[in-house]
>>> print(open('work.txt').read())   # compact mmCIF, C-alpha atoms
# COMPACT_ATOMS: atom_id res chain seq x y z
CA MET O 19 -161.73 -9.27 -217.35
CA SER O 20 -164.71 -8.08 -219.34
CA THR O 21 -166.92 -10.31 -221.42
CA PRO O 22 -166.15 -10.74 -225.15
CA LYS O 23 -168.78 -8.10 -226.13
CA GLU O 24 -167.18 -5.58 -223.76
CA ARG O 25 -163.54 -6.18 -224.79
CA VAL O 26 -163.01 -2.59 -225.87
CA PHE O 27 -159.25 -2.81 -225.32
CA ALA O 28 -158.70 -6.00 -227.40
CA PRO O 29 -157.48 -4.10 -230.50
CA VAL O 30 -155.00 -2.23 -228.32
CA LEU O 31 -153.75 -5.50 -226.85
CA ARG O 32 -153.19 -6.91 -230.33
CA GLU O 33 -151.18 -3.81 -231.26
CA VAL O 34 -149.07 -4.06 -228.10
CA GLU O 35 -148.52 -7.78 -228.65
CA SER O 36 -147.17 -7.22 -232.16
CA GLY O 37 -144.16 -5.48 -230.62
CA MET O 38 -143.38 -8.22 -228.13
CA ALA O 39 -140.61 -10.80 -228.50
CA LEU O 40 -141.37 -12.72 -225.30
CA PRO O 41 -142.49 -16.34 -224.92
CA LEU O 42 -146.24 -16.81 -225.37
CA PRO O 43 -147.07 -17.48 -221.69
CA ASP O 44 -145.31 -14.26 -220.66
CA ARG O 45 -147.05 -12.29 -223.39
CA THR O 46 -150.42 -13.65 -222.32
CA ARG O 47 -149.82 -12.85 -218.65
CA ILE O 48 -148.62 -9.31 -219.35
CA LEU O 49 -151.51 -8.60 -221.72
CA ARG O 50 -154.04 -9.88 -219.19
CA GLU O 51 -152.57 -7.64 -216.51
CA LEU O 52 -152.55 -4.69 -218.91
CA GLU O 53 -156.19 -5.24 -219.89
CA TYR O 54 -157.23 -5.55 -216.25
CA ASP O 55 -155.42 -2.31 -215.36
CA LEU O 56 -156.90 -0.50 -218.38
CA GLU O 57 -160.42 -1.56 -217.48
CA GLU O 58 -159.96 -0.61 -213.83
CA LEU O 59 -158.60 2.85 -214.70
CA TRP O 60 -161.25 3.40 -217.37
CA SER O 61 -164.03 2.49 -214.91
CA ARG O 62 -162.58 4.83 -212.31
CA PHE O 63 -162.52 7.73 -214.78
CA VAL O 64 -166.10 7.01 -215.87
CA ASP O 65 -167.23 6.89 -212.22
CA GLU O 66 -165.67 10.35 -211.79
CA GLY O 67 -167.97 11.66 -214.53
CA ILE O 68 -165.52 11.66 -217.45
CA PRO O 69 -167.14 10.65 -220.79
CA ALA O 70 -166.43 7.05 -221.78
CA GLU O 71 -164.37 7.85 -224.88
CA GLU O 72 -162.27 10.45 -223.05
CA ALA O 73 -161.84 8.02 -220.13
CA ARG O 74 -160.63 5.36 -222.59
CA ARG O 75 -158.12 7.77 -224.16
CA ARG O 76 -156.75 8.77 -220.76
CA ALA O 77 -156.39 5.14 -219.67
CA LEU O 78 -154.48 4.32 -222.86
CA ASP O 79 -152.19 7.32 -222.45
CA ALA O 80 -151.45 6.37 -218.86
CA LEU O 81 -150.86 2.62 -219.18
CA VAL O 82 -150.02 1.51 -222.73
CA PRO O 83 -146.20 1.22 -222.98
CA ASP O 84 -144.31 3.06 -225.71
CA ALA O 85 -141.61 1.53 -227.92
CA ARG O 86 -138.84 2.24 -225.40
CA SER O 87 -140.84 0.70 -222.57
CA MET O 88 -141.57 -2.35 -224.73
CA THR O 89 -137.86 -2.86 -225.37
CA GLU O 90 -137.13 -2.66 -221.65
CA LEU O 91 -140.03 -5.02 -220.91
CA ASP O 92 -138.65 -7.58 -223.36
CA ARG O 93 -135.21 -7.26 -221.78
CA LEU O 94 -136.47 -7.73 -218.22
CA HIS O 95 -138.71 -10.70 -219.02
CA ALA O 96 -136.44 -12.46 -221.51
CA PRO O 97 -135.73 -16.15 -220.71
CA LEU O 98 -132.52 -16.85 -218.81
CA TYR O 99 -131.00 -18.60 -221.82
CA ARG O 100 -131.45 -15.50 -223.98
CA ARG O 101 -129.91 -13.26 -221.33
CA LEU O 102 -126.90 -15.59 -220.95
CA THR O 103 -126.28 -15.93 -224.69
CA ASN O 104 -127.16 -12.38 -225.72
CA SER O 105 -123.50 -11.49 -226.29
CA PHE O 106 -122.87 -14.42 -228.67
CA PRO O 107 -123.08 -13.78 -232.44
CA SER O 108 -126.21 -15.44 -233.84
CA GLY O 109 -124.25 -17.61 -236.31
CA ARG O 110 -121.90 -18.90 -233.64
CA LEU O 111 -124.77 -19.57 -231.28
CA ARG O 112 -126.61 -21.64 -233.89
CA SER O 113 -123.45 -23.65 -234.53
CA MET O 114 -123.06 -24.33 -230.82
CA GLU O 115 -126.70 -25.43 -230.55
CA ARG O 116 -126.35 -27.79 -233.52
CA ALA O 117 -123.14 -29.24 -232.11
CA SER O 118 -124.87 -29.80 -228.78
CA LEU O 119 -127.71 -31.56 -230.57
CA GLY O 120 -125.24 -33.83 -232.37
CA LEU O 121 -123.55 -34.68 -229.09
CA ALA O 122 -126.97 -35.45 -227.60
CA VAL O 123 -127.69 -37.93 -230.41
CA ALA O 124 -124.31 -39.64 -229.89
CA ALA O 125 -124.80 -39.74 -226.13
CA VAL O 126 -128.28 -41.26 -226.41
CA LEU O 127 -127.03 -43.88 -228.86
CA GLY O 128 -124.18 -44.74 -226.51
CA VAL O 129 -126.50 -45.06 -223.50
CA GLN O 130 -128.88 -47.27 -225.48
CA THR O 131 -126.05 -49.55 -226.61
CA ALA O 132 -124.54 -49.77 -223.13
CA THR O 133 -127.92 -50.62 -221.61
CA LEU O 134 -128.58 -53.41 -224.12
CA LEU O 135 -125.07 -54.78 -223.61
CA ARG O 136 -125.57 -54.81 -219.85
CA VAL O 137 -128.67 -56.98 -220.15
CA ASP O 138 -127.05 -59.12 -222.85
CA LEU O 139 -129.52 -58.19 -225.59
CA LEU O 140 -126.79 -57.56 -228.17
CA ARG O 141 -125.45 -61.08 -228.02
CA ASP O 142 -126.78 -61.89 -231.49
CA PRO O 143 -129.13 -59.08 -232.49
CA SER O 144 -131.27 -58.63 -235.56
CA PRO O 145 -129.52 -56.46 -238.15
CA PHE O 146 -132.57 -54.17 -237.96
CA LEU O 147 -131.89 -53.37 -234.30
CA TRP O 148 -129.16 -50.88 -235.20
CA PRO O 149 -131.38 -48.75 -237.49
CA VAL O 150 -134.02 -48.80 -234.74
CA LEU O 151 -131.46 -47.58 -232.18
CA VAL O 152 -130.21 -44.83 -234.48
CA GLY O 153 -133.79 -43.82 -235.26
CA GLY O 154 -134.60 -43.78 -231.55
CA ALA O 155 -131.58 -41.58 -230.82
CA CYS O 156 -132.63 -39.14 -233.56
CA LEU O 157 -136.21 -39.21 -232.22
CA LEU O 158 -135.07 -38.33 -228.72
CA ALA O 159 -132.82 -35.60 -230.11
CA MET O 160 -135.82 -34.10 -231.93
CA VAL O 161 -137.83 -34.16 -228.71
CA LEU O 162 -135.00 -32.53 -226.76
CA ALA O 163 -134.55 -29.88 -229.47
CA LYS O 164 -138.25 -29.01 -229.40
CA ALA O 165 -138.38 -28.93 -225.61
CA PHE O 166 -135.26 -26.74 -225.62
CA GLN O 167 -136.87 -24.34 -228.12
CA LEU O 168 -140.13 -24.05 -226.16
CA TRP O 169 -139.05 -24.17 -222.53
CA ILE O 170 -135.41 -23.07 -222.39
CA LYS O 171 -134.88 -20.77 -225.34
CA GLY O 172 -138.45 -19.43 -225.22
CA ASP O 173 -138.71 -19.22 -229.02
CA HIS O 174 -142.45 -19.31 -229.75
CA ASP O 175 -142.55 -17.71 -233.21
CA GLN O 176 -143.53 -21.09 -234.71
CA PRO O 177 -144.45 -23.25 -231.71
CA THR O 178 -146.00 -26.09 -233.74
CA ARG O 179 -143.09 -26.43 -236.14
CA GLY O 180 -141.38 -29.81 -235.77
CA LEU O 181 -144.15 -31.46 -233.74
CA GLY O 182 -145.41 -33.44 -236.73
CA ALA O 183 -141.86 -34.60 -237.49
CA ILE O 184 -141.60 -36.11 -234.00
CA LEU O 185 -144.73 -38.17 -234.58
CA VAL O 186 -143.51 -39.26 -238.02
CA ALA O 187 -140.13 -40.29 -236.57
CA ALA O 188 -141.86 -42.37 -233.89
CA GLY O 189 -143.89 -44.08 -236.61
CA ILE O 190 -140.72 -44.80 -238.63
CA VAL O 191 -139.03 -46.38 -235.61
CA LEU O 192 -142.07 -48.57 -235.01
CA ALA O 193 -142.26 -49.49 -238.71
CA LEU O 194 -138.59 -50.47 -238.68
CA GLY O 195 -139.23 -52.78 -235.75
CA PHE O 196 -142.22 -54.53 -237.30
CA GLY O 197 -140.69 -54.50 -240.78
CA GLY O 198 -137.46 -56.01 -239.49
CA THR O 199 -139.36 -58.73 -237.62
CA THR O 200 -141.37 -59.56 -240.72
CA PHE O 201 -138.23 -59.74 -242.85
CA ASP O 202 -136.47 -61.98 -240.31
CA THR O 203 -139.53 -64.24 -240.20
CA PHE O 204 -139.61 -64.70 -243.97
CA ARG O 205 -135.88 -65.29 -244.02
CA LEU O 206 -136.20 -67.94 -241.32
CA ALA O 207 -139.05 -69.60 -243.21
CA GLY O 208 -136.89 -69.76 -246.35
CA VAL O 209 -134.01 -71.36 -244.45
CA LEU O 210 -136.25 -73.92 -242.74
CA GLU O 211 -137.88 -74.79 -246.04
CA GLN O 212 -134.46 -75.84 -247.31
CA ALA O 213 -133.22 -77.39 -244.04
CA PRO O 214 -136.07 -78.27 -241.61
CA GLU O 215 -133.61 -79.99 -239.26
CA LEU O 216 -132.26 -76.56 -238.24
CA ALA O 217 -135.56 -75.53 -236.65
CA GLU O 218 -134.52 -76.52 -233.13
CA ALA O 219 -131.46 -74.27 -233.29
CA LEU O 220 -132.82 -71.35 -235.32
CA VAL O 221 -136.33 -70.82 -233.91
CA PRO O 222 -135.21 -69.90 -230.35
CA LEU O 223 -132.64 -67.49 -231.81
CA TRP O 224 -135.33 -65.94 -234.03
CA LEU O 225 -137.65 -65.54 -231.04
CA PHE O 226 -134.91 -63.82 -229.04
CA ARG O 227 -134.02 -61.48 -231.89
CA SER O 228 -137.63 -60.63 -232.69
CA ALA O 229 -138.61 -60.03 -229.06
CA THR O 230 -135.63 -57.74 -228.54
CA LEU O 231 -136.25 -55.81 -231.77
CA LEU O 232 -139.96 -55.34 -231.16
CA SER O 233 -139.53 -54.43 -227.50
CA VAL O 234 -136.94 -51.74 -228.23
CA ALA O 235 -138.90 -50.34 -231.20
CA ILE O 236 -142.19 -50.20 -229.28
CA LEU O 237 -140.61 -48.58 -226.22
CA LEU O 238 -138.86 -45.92 -228.30
CA ALA O 239 -141.96 -45.23 -230.39
CA LEU O 240 -144.18 -45.00 -227.30
CA GLY O 241 -141.71 -42.62 -225.66
CA GLY O 242 -141.67 -40.44 -228.76
CA GLY O 243 -145.46 -40.52 -229.03
CA LEU O 244 -145.86 -39.55 -225.38
CA ALA O 245 -143.38 -36.70 -225.77
CA TRP O 246 -145.27 -35.49 -228.87
CA PHE O 247 -148.56 -35.58 -226.95
CA ILE O 248 -147.16 -33.58 -224.01
CA LEU O 249 -145.51 -30.99 -226.25
CA SER O 250 -148.50 -30.59 -228.56
CA GLN O 251 -150.95 -30.28 -225.67
CA TRP O 252 -148.78 -27.64 -224.01
CA VAL O 253 -148.52 -25.68 -227.25
CA ALA O 254 -152.28 -25.95 -227.85
CA HIS O 255 -153.04 -24.74 -224.31
CA VAL O 256 -150.63 -21.79 -224.55
CA ARG O 257 -151.86 -20.74 -228.00
CA ARG O 258 -155.50 -21.01 -226.94
CA ALA O 259 -154.88 -18.77 -223.91
CA HIS O 260 -152.96 -16.31 -226.09
CA ARG O 261 -155.70 -16.11 -228.73
CA GLU O 262 -158.29 -15.70 -226.01
CA VAL O 263 -156.58 -12.72 -224.42
CA LEU O 264 -156.24 -11.09 -227.85
CA GLY O 265 -159.93 -11.63 -228.56
CA LEU O 266 -159.22 -13.81 -231.60
CA ASP O 267 -161.34 -16.77 -230.48
CA ARG O 268 -165.00 -15.86 -230.65
CA PRO O 269 -167.87 -18.10 -229.58
CA ALA O 270 -169.86 -19.64 -232.41
CA ARG O 271 -173.00 -17.66 -233.37
CA PRO O 272 -176.13 -19.67 -232.48
CA LYS O 273 -178.26 -20.69 -235.43
CA GLY O 274 -181.56 -18.92 -235.89
CA LYS O 275 -184.88 -20.69 -236.03
CA HIS O 276 -185.07 -20.46 -239.81
CA GLU O 277 -181.44 -21.33 -240.55
CA HIS O 278 -180.77 -24.68 -242.18
CA VAL O 279 -178.11 -27.04 -240.90
>>> encode(input="work.txt", output="structure tokens")
Amino acid sequence: MSTPKERVFAPVLREVESGMALPLPDRTRILRELEYDLEELWSRFVDEGIPAEEARRRALDALVPDARSMTELDRLHAPLYRRLTNSFPSGRLRSMERASLGLAVAAVLGVQTATLLRVDLLRDPSPFLWPVLVGGACLLAMVLAKAFQLWIKGDHDQPTRGLGAILVAAGIVLALGFGGTTFDTFRLAGVLEQAPELAEALVPLWLFRSATLLSVAILLALGGGLAWFILSQWVAHVRRAHREVLGLDRPARPKGKHEHV
């Protein structure tokens, strides 16, 4: 591919890209291949003695797809999910996706509860453990929904939308864990102030509740944070490559000797 100063076909690529409905990685790959082919054909025409501008026009006429070709290109390279659900009405498809997301939340909550029951961590839990579990199930559902949008559905119109909400949800789950532990601690202190003789019975129970609550909250928040990092880094990488092939990212202009910082 030519250097940024020689990207004579970048405007054409941007025009072609505006008519694409493919996922960003596919758009980037197709545009790179198109630019390479355009440059190769243009160079061949120039080597044959054709003027540069005429060679450019001929290369564009030969290789740039028309509207009908673009439609066929989108159809051939559409993600499998789109091809399988193409016959469904859009409203019905959205309802099915939302129902699936609701089932995912219920399934995650059920798995979490069953796991804690198996290891006997719900014997006498903190009342804040249930909000943490519900928050963790919603957090995982948000991650699954975003991963589904990016990697299964191939919908990249707004790839960053929802990423911030995942990070906020992870923070809320963590805050619930620490907030619940703090509340339980103050409540225990109030009880022991009135009846110090109960310390031997209540302190071990408080330790068990607090350790369980904090462990679950931290694990869920860390999982959500890791998922956010992976998704955001993937989106950033894909968008950077896409902007690069369109010639939208330009290197910073070096400062002159007499320019002030």
>>> residues_around(input="work.txt", residues="O:Val30", least_positions_apart="2", cutoff="12 Å", atoms="only C-alpha atoms", output="PDB file with C-alpha atoms, keeping the file's coordinate frame")
ATOM      1  CA  ARG O  25    -163.540  -6.180-224.790  1.00  0.00           C
ATOM      2  CA  VAL O  26    -163.010  -2.590-225.870  1.00  0.00           C
ATOM      3  CA  PHE O  27    -159.250  -2.810-225.320  1.00  0.00           C
ATOM      4  CA  ALA O  28    -158.700  -6.000-227.400  1.00  0.00           C
ATOM      5  CA  ARG O  32    -153.190  -6.910-230.330  1.00  0.00           C
ATOM      6  CA  GLU O  33    -151.180  -3.810-231.260  1.00  0.00           C
ATOM      7  CA  VAL O  34    -149.070  -4.060-228.100  1.00  0.00           C
ATOM      8  CA  GLU O  35    -148.520  -7.780-228.650  1.00  0.00           C
ATOM      9  CA  SER O  36    -147.170  -7.220-232.160  1.00  0.00           C
ATOM     10  CA  GLY O  37    -144.160  -5.480-230.620  1.00  0.00           C
ATOM     11  CA  LEU O  49    -151.510  -8.600-221.720  1.00  0.00           C
ATOM     12  CA  ARG O  50    -154.040  -9.880-219.190  1.00  0.00           C
ATOM     13  CA  LEU O  52    -152.550  -4.690-218.910  1.00  0.00           C
ATOM     14  CA  GLU O  53    -156.190  -5.240-219.890  1.00  0.00           C
ATOM     15  CA  LEU O  56    -156.900  -0.500-218.380  1.00  0.00           C
ATOM     16  CA  ARG O  74    -160.630   5.360-222.590  1.00  0.00           C
ATOM     17  CA  ARG O  75    -158.120   7.770-224.160  1.00  0.00           C
ATOM     18  CA  ALA O  77    -156.390   5.140-219.670  1.00  0.00           C
ATOM     19  CA  LEU O  78    -154.480   4.320-222.860  1.00  0.00           C
ATOM     20  CA  ASP O  79    -152.190   7.320-222.450  1.00  0.00           C
ATOM     21  CA  LEU O  81    -150.860   2.620-219.180  1.00  0.00           C
ATOM     22  CA  VAL O  82    -150.020   1.510-222.730  1.00  0.00           C
ATOM     23  CA  PRO O  83    -146.200   1.220-222.980  1.00  0.00           C
ATOM     24  CA  VAL O 263    -156.580 -12.720-224.420  1.00  0.00           C
ATOM     25  CA  LEU O 264    -156.240 -11.090-227.850  1.00  0.00           C
ATOM     26  CA  GLY O 265    -159.930 -11.630-228.560  1.00  0.00           C
TER      27      GLY O 265
END
>>> atom_distance(input="work.txt", atom1="atom CA of O:Thr199", atom2="atom CA of O:Pro149")
12.8 Å
>>> residues_around(input="work.txt", residues="O:Val161", least_positions_apart="3", cutoff="10 Å", atoms="all atoms listed in the file", output="VMD selection string")
chain O and resid 155 to 158 164 to 167 180 to 181 183 to 185 241 to 243 245 to 246 249
>>> write_last_selection(input="work.txt", atoms="C-alpha atoms", output="compact mmCIF listing (two decimals), in the frame of the given file")
# COMPACT_ATOMS: atom_id res chain seq x y z
CA ALA O 155 -131.58 -41.58 -230.82
CA CYS O 156 -132.63 -39.14 -233.56
CA LEU O 157 -136.21 -39.21 -232.22
CA LEU O 158 -135.07 -38.33 -228.72
CA LYS O 164 -138.25 -29.01 -229.40
CA ALA O 165 -138.38 -28.93 -225.61
CA PHE O 166 -135.26 -26.74 -225.62
CA GLN O 167 -136.87 -24.34 -228.12
CA GLY O 180 -141.38 -29.81 -235.77
CA LEU O 181 -144.15 -31.46 -233.74
CA ALA O 183 -141.86 -34.60 -237.49
CA ILE O 184 -141.60 -36.11 -234.00
CA LEU O 185 -144.73 -38.17 -234.58
CA GLY O 241 -141.71 -42.62 -225.66
CA GLY O 242 -141.67 -40.44 -228.76
CA GLY O 243 -145.46 -40.52 -229.03
CA ALA O 245 -143.38 -36.70 -225.77
CA TRP O 246 -145.27 -35.49 -228.87
CA LEU O 249 -145.51 -30.99 -226.25
>>> atom_distance(input="work.txt", atom1="atom CA of O:Leu194", atom2="atom CA of O:Arg116")
26.3 Å
>>> atom_distance(input="work.txt", atom1="atom CA of O:Ala96", atom2="atom CA of O:Pro43")
11.8 Å
>>> axis_aligned_box(input="work.txt", around="stretch 50-55 of chain O", padding_each_side="6 Å", output="lines of an AutoDock Vina configuration file")
center_x = -154.9
center_y = -6.1
center_z = -217.6
size_x = 16.7
size_y = 19.6
size_z = 16.5
